[in-house]
$ cat input_21.cif   # mmCIF, C-alpha atoms (C1' of nucleotides)
data_structure
loop_
_atom_site.label_atom_id
_atom_site.label_comp_id
_atom_site.auth_asym_id
_atom_site.auth_seq_id
_atom_site.Cartn_x
_atom_site.Cartn_y
_atom_site.Cartn_z
CA MET A 69 35.55 109.37 238.11
CA SER A 70 39.18 108.38 237.59
CA LEU A 71 40.35 111.80 236.33
CA GLN A 72 43.60 112.79 238.02
CA ARG A 73 44.73 116.13 236.68
CA ARG A 74 43.51 118.83 234.30
CA GLY A 75 45.31 121.69 232.67
CA TYR A 76 45.65 124.02 229.70
CA ALA A 77 48.28 125.38 227.34
CA CYS A 78 50.81 128.19 227.53
CA ILE A 79 48.65 131.20 228.43
CA SER A 80 46.49 132.13 231.41
CA LEU A 81 43.71 134.51 230.44
CA LEU A 82 42.50 134.79 234.04
CA THR A 83 45.79 136.30 235.16
CA GLY A 84 46.86 137.81 231.84
CA ARG A 85 50.15 135.91 231.95
CA SER A 86 51.97 133.99 229.24
CA THR A 87 55.08 131.84 228.91
CA ASN A 88 55.40 132.86 225.27
CA HIS A 89 56.87 136.36 225.19
CA THR A 90 59.34 136.60 222.36
CA CYS A 91 60.83 138.95 219.77
CA THR A 92 61.55 138.74 216.07
CA LEU A 93 64.80 137.30 214.79
CA ARG A 94 65.86 140.75 213.60
CA THR A 95 65.55 142.32 217.02
CA ALA A 96 67.04 139.42 218.99
CA SER A 97 70.06 140.44 221.06
CA PRO A 98 71.55 138.77 224.15
CA GLU A 99 70.12 141.53 226.37
CA ARG A 100 66.70 141.29 224.79
CA LEU A 101 66.69 137.48 225.03
CA ARG A 102 67.74 137.54 228.69
CA ALA A 103 64.97 140.00 229.55
CA LEU A 104 62.39 137.85 227.75
CA ILE A 105 63.58 134.66 229.46
CA GLN A 106 63.35 136.37 232.83
CA GLN A 107 59.85 137.59 232.07
CA ASN A 108 58.70 134.18 230.83
CA LEU A 109 60.09 132.43 233.91
CA ASP A 110 58.49 134.98 236.23
CA GLU A 111 55.14 134.48 234.52
CA LEU A 112 55.53 130.69 234.45
CA ARG A 113 55.93 130.71 238.21
CA ALA A 114 52.95 133.01 238.64
CA ILE A 115 50.83 130.79 236.39
CA LEU A 116 51.75 127.67 238.36
CA GLU A 117 50.84 129.40 241.63
CA HIS A 118 47.53 130.49 240.11
CA ASN A 119 46.94 126.96 238.79
CA LEU A 120 47.52 125.49 242.24
CA GLU A 121 44.78 127.70 243.68
CA HIS A 122 42.40 126.16 241.18
CA GLY A 123 43.72 122.63 241.61
CA TRP A 124 45.02 122.49 238.01
CA ARG A 125 48.10 120.31 238.03
CA LEU A 126 48.78 120.03 234.32
CA PHE A 127 50.37 122.79 232.27
CA ARG A 128 51.97 123.08 228.84
CA ILE A 129 54.93 125.44 228.71
CA GLY A 130 55.09 127.60 225.58
CA SER A 131 57.82 126.68 223.12
CA SER A 132 59.23 130.19 223.21
CA VAL A 133 59.70 130.21 226.99
CA ILE A 134 63.32 130.46 225.88
CA PRO A 135 62.94 132.57 222.72
CA PHE A 136 64.81 130.97 219.80
CA GLY A 137 65.69 128.15 222.18
CA SER A 138 66.98 125.94 219.36
CA HIS A 139 68.18 128.68 217.01
CA PRO A 140 71.84 129.75 216.66
CA VAL A 141 70.88 133.37 217.37
CA ASN A 142 70.41 132.34 221.00
CA GLN A 143 73.85 131.53 222.43
CA ILE A 144 72.88 132.15 226.03
CA ALA A 145 73.67 129.34 228.50
CA TRP A 146 70.23 129.95 230.03
CA TRP A 147 70.26 126.65 231.96
CA ARG A 148 73.24 128.03 233.92
CA GLU A 149 72.34 131.72 234.07
CA PHE A 150 68.82 130.97 235.29
CA GLU A 151 69.67 127.79 237.18
CA ARG A 152 68.35 129.04 240.49
CA GLU A 153 64.99 130.19 239.09
CA LEU A 154 64.59 127.01 237.07
CA GLN A 155 65.32 124.77 240.04
CA SER A 156 62.93 126.74 242.20
CA ILE A 157 60.08 126.56 239.68
CA GLY A 158 60.69 122.84 239.23
CA ALA A 159 60.67 122.28 242.99
CA PHE A 160 57.34 124.10 243.23
CA ALA A 161 55.91 121.85 240.50
CA ARG A 162 57.22 118.68 242.14
CA GLU A 163 56.07 119.59 245.64
CA ASN A 164 52.57 120.21 244.35
CA GLY A 165 52.27 117.13 242.18
CA MET A 166 52.26 119.09 238.94
CA ARG A 167 53.03 117.70 235.53
CA LEU A 168 54.54 119.99 232.89
CA SER A 169 54.98 119.48 229.17
CA PHE A 170 56.07 120.95 225.86
CA HIS A 171 54.37 120.68 222.48
CA PRO A 172 56.61 121.87 219.62
CA GLY A 173 54.58 123.07 216.66
CA GLN A 174 54.19 122.32 212.98
CA TYR A 175 57.82 123.03 212.12
CA THR A 176 59.23 120.23 214.23
CA VAL A 177 59.18 117.29 211.83
CA LEU A 178 61.14 114.12 212.53
CA SER A 179 59.77 112.21 209.52
CA SER A 180 61.13 114.59 206.87
CA PRO A 181 63.29 113.15 204.06
CA ASP A 182 65.51 116.23 204.45
CA PRO A 183 68.23 115.51 207.06
CA LEU A 184 68.62 119.22 207.80
CA ILE A 185 64.95 119.51 208.77
CA VAL A 186 65.28 116.44 210.99
CA GLU A 187 68.38 117.93 212.57
CA ARG A 188 66.51 121.13 213.40
CA ALA A 189 63.63 119.10 214.83
CA VAL A 190 66.04 117.18 217.05
CA ALA A 191 67.53 120.49 218.21
CA GLU A 192 64.06 121.72 219.20
CA ILE A 193 63.40 118.51 221.15
CA ALA A 194 66.84 118.74 222.79
CA TYR A 195 66.13 122.28 223.93
CA SER A 196 62.73 121.29 225.34
CA ALA A 197 64.22 118.29 227.14
CA ARG A 198 66.99 120.46 228.53
CA PHE A 199 64.41 122.87 229.93
CA LEU A 200 62.45 120.11 231.70
CA GLY A 201 65.74 118.67 232.94
CA ALA A 202 66.82 122.07 234.25
CA LEU A 203 63.57 122.18 236.23
CA GLY A 204 64.67 118.89 237.82
CA LEU A 205 61.61 117.07 236.47
CA ASP A 206 61.71 113.39 235.53
CA ALA A 207 60.55 111.57 232.39
CA ARG A 208 56.87 111.75 233.36
CA HIS A 209 57.08 115.37 232.14
CA LYS A 210 56.70 114.98 228.38
CA ILE A 211 57.35 116.55 225.01
CA VAL A 212 54.38 115.90 222.71
CA ILE A 213 55.14 115.71 218.99
CA HIS A 214 53.25 114.90 215.82
CA LEU A 215 54.43 112.34 213.28
CA GLY A 216 54.76 115.03 210.58
CA GLY A 217 54.24 114.79 206.84
CA THR A 218 53.61 111.75 204.64
CA TYR A 219 55.38 112.80 201.41
CA GLY A 220 53.11 110.55 199.41
CA ASP A 221 54.39 107.42 201.18
CA LYS A 222 53.19 107.13 204.75
CA PRO A 223 54.86 103.78 205.59
CA ALA A 224 58.23 105.16 204.44
CA ALA A 225 57.72 108.32 206.51
CA MET A 226 56.80 106.21 209.56
CA ASN A 227 59.97 104.19 209.04
CA ARG A 228 62.13 107.32 208.87
CA PHE A 229 60.46 108.62 212.03
CA SER A 230 61.10 105.36 213.89
CA ASP A 231 64.73 105.18 212.72
CA THR A 232 65.37 108.71 213.93
CA ILE A 233 63.82 107.93 217.33
CA ALA A 234 66.11 104.89 217.63
CA ARG A 235 69.16 107.12 217.11
CA LEU A 236 68.16 109.73 219.70
CA ALA A 237 69.96 110.03 223.02
CA PRO A 238 67.95 108.21 225.73
CA GLU A 239 67.39 111.44 227.68
CA LEU A 240 65.53 112.85 224.66
CA ARG A 241 63.72 109.67 223.69
CA GLN A 242 62.37 109.08 227.19
CA ARG A 243 60.58 112.48 227.08
CA LEU A 244 58.83 112.01 223.78
CA VAL A 245 55.22 111.04 223.20
CA ILE A 246 53.36 110.96 219.86
CA GLU A 247 49.92 112.34 219.09
CA ASN A 248 47.36 111.45 216.41
CA ASP A 249 46.71 114.36 214.02
CA GLU A 250 43.70 115.65 212.09
CA ARG A 251 44.81 114.83 208.56
CA SER A 252 47.60 112.26 208.22
CA TYR A 253 48.25 109.98 211.17
CA THR A 254 45.36 108.17 212.90
CA PRO A 255 45.50 106.65 216.39
CA ALA A 256 46.15 103.27 214.73
CA ASP A 257 49.13 104.80 212.85
CA ALA A 258 50.46 106.26 216.09
CA LEU A 259 50.09 102.85 217.74
CA ALA A 260 52.03 101.21 214.90
CA VAL A 261 54.86 103.72 215.39
CA SER A 262 54.63 103.18 219.13
CA ARG A 263 55.20 99.44 218.71
CA ARG A 264 58.47 100.20 216.92
CA THR A 265 59.68 103.12 219.00
CA LYS A 266 58.12 102.29 222.40
CA LEU A 267 56.91 105.90 222.60
CA PRO A 268 53.60 106.42 224.45
CA VAL A 269 50.62 107.76 222.50
CA VAL A 270 48.55 110.87 223.33
CA PHE A 271 44.93 110.60 222.17
CA ASP A 272 43.38 113.83 220.85
CA ASN A 273 39.57 113.66 220.60
CA LEU A 274 39.12 116.37 217.95
CA HIS A 275 41.84 114.94 215.71
CA TYR A 276 40.24 111.55 216.14
CA ILE A 277 36.87 112.88 214.96
CA SER A 278 38.31 114.37 211.75
CA ASN A 279 40.75 111.50 211.14
CA PRO A 280 39.50 108.36 212.93
CA GLY A 281 41.09 105.71 210.76
CA GLU A 282 40.27 102.07 211.32
CA GLY A 283 39.21 100.30 214.46
CA ASP A 284 36.78 100.46 217.33
CA VAL A 285 37.39 103.50 219.53
CA ASP A 286 37.24 101.56 222.77
CA GLU A 287 39.75 99.04 221.55
CA LEU A 288 42.01 101.83 220.29
CA LEU A 289 41.84 103.59 223.64
CA GLY A 290 42.76 100.40 225.47
CA ASP A 291 45.82 100.02 223.25
CA VAL A 292 46.69 103.74 223.53
CA PHE A 293 46.55 103.74 227.34
CA ALA A 294 48.65 100.57 227.44
CA THR A 295 51.54 102.42 225.74
CA TRP A 296 52.11 104.35 228.99
CA HIS A 297 54.34 102.68 231.59
CA THR A 298 55.09 103.61 235.20
CA ARG A 299 58.15 105.63 234.22
CA ASP A 300 55.98 107.70 231.84
CA GLY A 301 53.28 108.62 234.35
CA ALA A 302 49.54 108.44 233.68
CA PRO A 303 48.29 108.45 230.08
CA LYS A 304 47.64 111.93 228.70
CA VAL A 305 44.77 112.97 226.45
CA HIS A 306 43.95 116.21 224.66
CA PHE A 307 40.40 117.48 224.69
CA SER A 308 38.80 120.24 222.61
CA SER A 309 35.54 120.98 220.83
CA GLN A 310 35.11 121.90 217.19
CA ALA A 311 34.57 125.64 216.62
CA ALA A 312 31.06 126.07 215.22
CA GLY A 313 30.97 127.17 211.60
CA SER A 314 34.74 127.07 211.37
CA ARG A 315 37.07 124.82 209.46
CA ILE A 316 37.23 121.21 210.64
CA GLY A 317 39.81 120.86 213.39
CA HIS A 318 39.60 124.47 214.54
CA HIS A 319 39.50 124.69 218.35
CA SER A 320 36.50 126.48 219.80
CA ALA A 321 36.78 129.20 222.42
CA ASP A 322 35.09 127.09 225.07
CA VAL A 323 34.16 123.44 225.28
CA ASP A 324 30.85 121.62 225.40
CA PRO A 325 30.33 120.10 228.88
CA ALA A 326 28.14 117.28 227.53
CA GLU A 327 30.76 116.31 224.98
CA PHE A 328 33.42 116.56 227.68
CA LYS A 329 31.51 114.24 229.99
CA ALA A 330 31.00 111.72 227.21
CA TRP A 331 34.70 111.59 226.38
CA VAL A 332 35.75 111.46 230.03
CA GLU A 333 33.45 108.49 230.51
CA CYS A 334 35.02 106.85 227.48
CA TRP A 335 38.56 107.46 228.71
CA SER A 336 37.80 106.55 232.33
CA ALA A 337 36.93 103.00 231.31
CA HIS A 338 40.63 102.46 230.66
CA GLY A 339 42.07 103.82 233.92
CA ASP A 340 43.54 107.02 235.31
CA PHE A 341 44.62 109.75 232.91
CA ASP A 342 45.60 113.42 232.69
CA LEU A 343 43.64 115.81 230.50
CA MET A 344 44.95 118.81 228.58
CA LEU A 345 42.22 121.21 227.52
CA GLU A 346 42.92 122.86 224.18
CA ALA A 347 40.58 125.82 223.95
CA LYS A 348 41.14 129.38 222.85
CA ASN A 349 39.84 130.58 226.20
CA LYS A 350 42.50 128.60 228.07
CA ASP A 351 42.04 128.60 231.87
CA LEU A 352 38.87 130.64 231.50
CA ALA A 353 37.38 127.77 229.48
CA LEU A 354 38.56 125.27 232.10
CA LEU A 355 36.94 127.29 234.89
CA GLU A 356 33.67 127.55 232.95
CA LEU A 357 33.74 123.86 232.19
CA GLU A 358 34.29 122.87 235.82
CA LYS A 359 31.34 125.03 236.88
CA ASN A 360 29.15 122.89 234.66
CA LEU A 361 30.33 119.43 235.68
"C1'" DG B 1056 47.87 154.96 221.69
"C1'" DG B 1057 45.58 152.27 218.41
"C1'" DA B 1058 45.61 149.86 213.93
"C1'" DA B 1059 47.75 147.29 210.48
"C1'" DG B 1060 51.45 144.46 208.97
"C1'" DT B 1061 54.88 140.87 209.97
"C1'" DC B 1062 56.94 136.83 211.95
"C1'" DA B 1063 62.51 130.93 212.17
"C1'" DA B 1064 60.91 127.06 210.98
"C1'" DG B 1065 57.44 122.61 207.13
"C1'" DT B 1066 53.92 120.40 204.47
"C1'" DC B 1067 50.12 120.31 201.58
"C1'" DT B 1068 46.77 122.05 198.32
"C1'" DC B 1069 45.29 124.89 194.92
"C1'" DG B 1070 45.58 127.83 190.94
"C1'" DC C 743 55.85 125.72 190.08
"C1'" DG C 744 54.77 129.45 193.16
"C1'" DA C 745 51.53 131.37 196.50
"C1'" DG C 746 48.72 130.80 200.32
"C1'" DA C 747 46.63 128.06 204.09
"C1'" DC C 748 47.31 126.10 208.21
"C1'" DT C 749 46.60 128.47 213.36
"C1'" DT C 750 47.71 131.98 216.31
"C1'" DG C 751 49.39 135.20 219.24
"C1'" DA C 752 52.33 138.75 219.90
"C1'" DC C 753 55.70 141.68 218.31
"C1'" DT C 754 56.82 145.81 215.30
"C1'" DT C 755 55.94 149.48 212.63
"C1'" DC C 756 53.13 152.97 211.05
"C1'" DC C 757 50.03 156.67 211.57
#

$ encode --input "input_21.cif" --output "structure tokens"
Amino acid sequence: MSLQRRGYACISLLTGRSTNHTCTLRTASPERLRALIQQNLDELRAILEHNLEHGWRLFRIGSSVIPFGSHPVNQIAWWREFERELQSIGAFARENGMRLSFHPGQYTVLSSPDPLIVERAVAEIAYSARFLGALGLDARHKIVIHLGGTYGDKPAAMNRFSDTIARLAPELRQRLVIENDERSYTPADALAVSRRTKLPVVFDNLHYISNPGEGDVDELLGDVFATWHTRDGAPKVHFSSQAAGSRIGHHSADVDPAEFKAWVECWSAHGDFDLMLEAKNKDLALLELEKNL
DNA sequence: GGAAGTCAAGTCTCG
DNA sequence: CGAGACTTGACTTCC
């Protein structure tokens, strides 16, 4: 098997730790924000140490690791105030061959026709890139984004997305990777945007199942893996199972080992890759899965 | 201390 | 055209 690394997102259920502690906008104060940042960094370190014990070398950092990290309410120069902690966490990750990432949510939309929304999306990406930079991690440590809305004209939206990418500072652009989604953008769409932007493509199995688009899956995977170059690190994929009886696209608590094996076999045909497990049960689901491999 | 209500943000669908 | 879903946890308020 060519699998290199496995990991999960944001929260460790086994240790009860999270990188996502935050507050509401109303209650945000510099003191409150500093305390939350400190807590999130402490728990991030603890999670990485826990992950190392299990051999999990992939981890997604929660987008509120710095609460309101791209919002004007947060004026803290956290990259300076917490420089020592950040450097130390980053060194731990590097020394242990770990790969960290961000995945901004549904509100980060680079394809929007509204320049203000694009500006806010860029701010979110800039904050995420600054965090990974403050850890001292290179461009193999990625920020995964979706292509956003279609606004009734998908080609036009893809053009706006590509134009915005072209205008980004290189230190932001080099971190970005694009993912196929469950309703609008298929892997083939992501590949088309990748040809224009040179951004690598993350393949998500569950999104593919609900929104496969055109093309043979094996051919698509070959093209998707080829979008990753040495400077980007190994190709990344997202794996999850559909929650039974739930809406299409809803992540299940755990994952089906047989389905996992089938996808891993599929991906392995195209070379090494890193796998992010997206399950409600987080590291608990990963542990259960590995028991059954 | 537990339960219920609320939360920065965008897009899309439905009524 | 406005409300709610999406997806989701965690914070905040209320009792």

$ resolve_selection --input "input_21.cif" --expression "the PyMOL selection byres ((chain B) within 9 of (chain A))" --output "ChimeraX atom specification"
/B:1062-1067

$ residues_around --input "input_21.cif" --residues "segment 746-755 of chain C" --least-positions-apart "6" --cutoff "12 Å" --atoms "all atoms listed in the file" --output "ChimeraX atom specification"
/A:78-79,86-96,130,132,173-175,250-251,315-319,348 /B:1058-1062,1065-1070

$ atom_distance --input "input_21.cif" --atom1 "atom CA of Lys329 of chain A" --atom2 "atom CA of Phe127 of chain A"
20.8 Å

$ atom_distance --input "input_21.cif" --atom1 "atom CA of Arg125 of chain A" --atom2 "atom CA of Ala161 of chain A"
8.3 Å

$ atom_distance --input "input_21.cif" --atom1 "atom CA of Phe199 of chain A" --atom2 "atom CA of Pro181 of chain A"
27.7 Å

$ resolve_selection --input "input_21.cif" --expression "the PyMOL selection byres ((chain A and resi 122) around 12)" --output "list in words"
Arg73, Arg74, Gly75, Leu82, Ile115, Leu116, Glu117, His118, Asn119, Leu120, Glu121, Gly123, Trp124, Arg125, Leu126, Asp351, Leu352, Leu354, Leu355, Glu358 and Lys359 of chain A

$ residues_around --input "input_21.cif" --residues "segment 296-298 of chain A" --least-positions-apart "3" --cutoff "10 Å" --atoms "all atoms listed in the file" --output "VMD selection string"
chain A and resid 208 245 266 to 270 291 to 293 301 to 304

$ closest_residue --input "input_21.cif" --among "A:His306, A:His214, A:His171, A:Arg128" --to "Leu274 of chain A" --atoms "only C-alpha atoms"
A:His306

$ axis_aligned_box --input "input_21.cif" --around "segment 1056-1062 of chain B" --padding-each-side "3 Å" --output "lines of an AutoDock Vina configuration file"
center_x = 51.3
center_y = 145.9
center_z = 215.3
size_x = 17.4
size_y = 24.1
size_z = 18.7

$ build_atoms --input "input_21.cif" --residues "segment 129-140 of chain A" --atoms "all heavy atoms" --output "tab-separated table (two decimals), in the coordinates of the input"
chain	number	residue	atom	x	y	z
A	129	ILE	N	54.06	124.27	228.79
A	129	ILE	CA	54.93	125.44	228.71
A	129	ILE	C	55.07	125.84	227.24
A	129	ILE	O	55.25	124.99	226.38
A	129	ILE	CB	56.32	125.10	229.30
A	129	ILE	CG1	56.20	124.65	230.75
A	129	ILE	CG2	57.26	126.28	229.17
A	129	ILE	CD1	57.46	124.01	231.31
A	130	GLY	N	54.97	127.12	226.96
A	130	GLY	CA	55.09	127.60	225.58
A	130	GLY	C	56.48	127.34	225.02
A	130	GLY	O	57.48	127.43	225.74
A	131	SER	N	56.53	127.04	223.74
A	131	SER	CA	57.82	126.68	223.12
A	131	SER	C	58.79	127.87	223.04
A	131	SER	O	59.98	127.66	222.83
A	131	SER	CB	57.60	126.09	221.73
A	131	SER	OG	57.23	124.74	221.85
A	132	SER	N	58.28	129.07	223.19
A	132	SER	CA	59.23	130.19	223.21
A	132	SER	C	59.48	130.70	224.62
A	132	SER	O	59.80	131.87	224.81
A	132	SER	CB	58.78	131.31	222.27
A	132	SER	OG	57.43	131.63	222.46
A	133	VAL	N	59.34	129.82	225.62
A	133	VAL	CA	59.70	130.21	226.99
A	133	VAL	C	61.17	130.65	227.02
A	133	VAL	O	61.54	131.59	227.72
A	133	VAL	CB	59.42	129.04	228.00
A	133	VAL	CG1	60.32	127.85	227.74
A	133	VAL	CG2	59.58	129.53	229.43
A	134	ILE	N	61.98	129.97	226.23
A	134	ILE	CA	63.32	130.46	225.88
A	134	ILE	C	63.22	130.86	224.41
A	134	ILE	O	63.20	130.00	223.53
A	134	ILE	CB	64.41	129.37	226.02
A	134	ILE	CG1	64.38	128.72	227.41
A	134	ILE	CG2	65.78	129.94	225.69
A	134	ILE	CD1	64.77	129.64	228.56
A	135	PRO	N	63.11	132.16	224.12
A	135	PRO	CA	62.94	132.57	222.72
A	135	PRO	C	64.11	132.08	221.87
A	135	PRO	O	65.27	132.16	222.28
A	135	PRO	CB	62.90	134.09	222.80
A	135	PRO	CG	62.45	134.39	224.19
A	135	PRO	CD	63.05	133.30	225.04
A	136	PHE	N	63.78	131.52	220.69
A	136	PHE	CA	64.81	130.97	219.80
A	136	PHE	C	65.66	129.94	220.52
A	136	PHE	O	66.88	129.88	220.34
A	136	PHE	CB	65.66	132.09	219.19
A	136	PHE	CG	64.84	133.07	218.39
A	136	PHE	CD1	64.39	134.25	218.97
A	136	PHE	CD2	64.48	132.78	217.09
A	136	PHE	CE1	63.60	135.14	218.24
A	136	PHE	CE2	63.69	133.65	216.35
A	136	PHE	CZ	63.25	134.83	216.93
A	137	GLY	N	65.00	129.13	221.33
A	137	GLY	CA	65.69	128.15	222.18
A	137	GLY	C	66.52	127.14	221.41
A	137	GLY	O	67.47	126.59	221.97
A	138	SER	N	66.18	126.90	220.15
A	138	SER	CA	66.98	125.94	219.36
A	138	SER	C	67.59	126.61	218.13
A	138	SER	O	67.99	125.95	217.18
A	138	SER	CB	66.11	124.76	218.92
A	138	SER	OG	65.12	125.17	217.99
A	139	HIS	N	67.66	127.92	218.15
A	139	HIS	CA	68.18	128.68	217.01
A	139	HIS	C	69.56	129.24	217.37
A	139	HIS	O	69.79	129.64	218.51
A	139	HIS	CB	67.21	129.82	216.68
A	139	HIS	CG	67.52	130.53	215.40
A	139	HIS	ND1	68.55	131.44	215.29
A	139	HIS	CD2	66.94	130.46	214.18
A	139	HIS	CE1	68.59	131.91	214.06
A	139	HIS	NE2	67.60	131.32	213.36
A	140	PRO	N	70.48	129.27	216.39
A	140	PRO	CA	71.84	129.75	216.66
A	140	PRO	C	71.91	131.20	217.16
A	140	PRO	O	72.91	131.58	217.76
A	140	PRO	CB	72.56	129.62	215.32
A	140	PRO	CG	71.65	128.95	214.38
A	140	PRO	CD	70.33	128.73	215.03
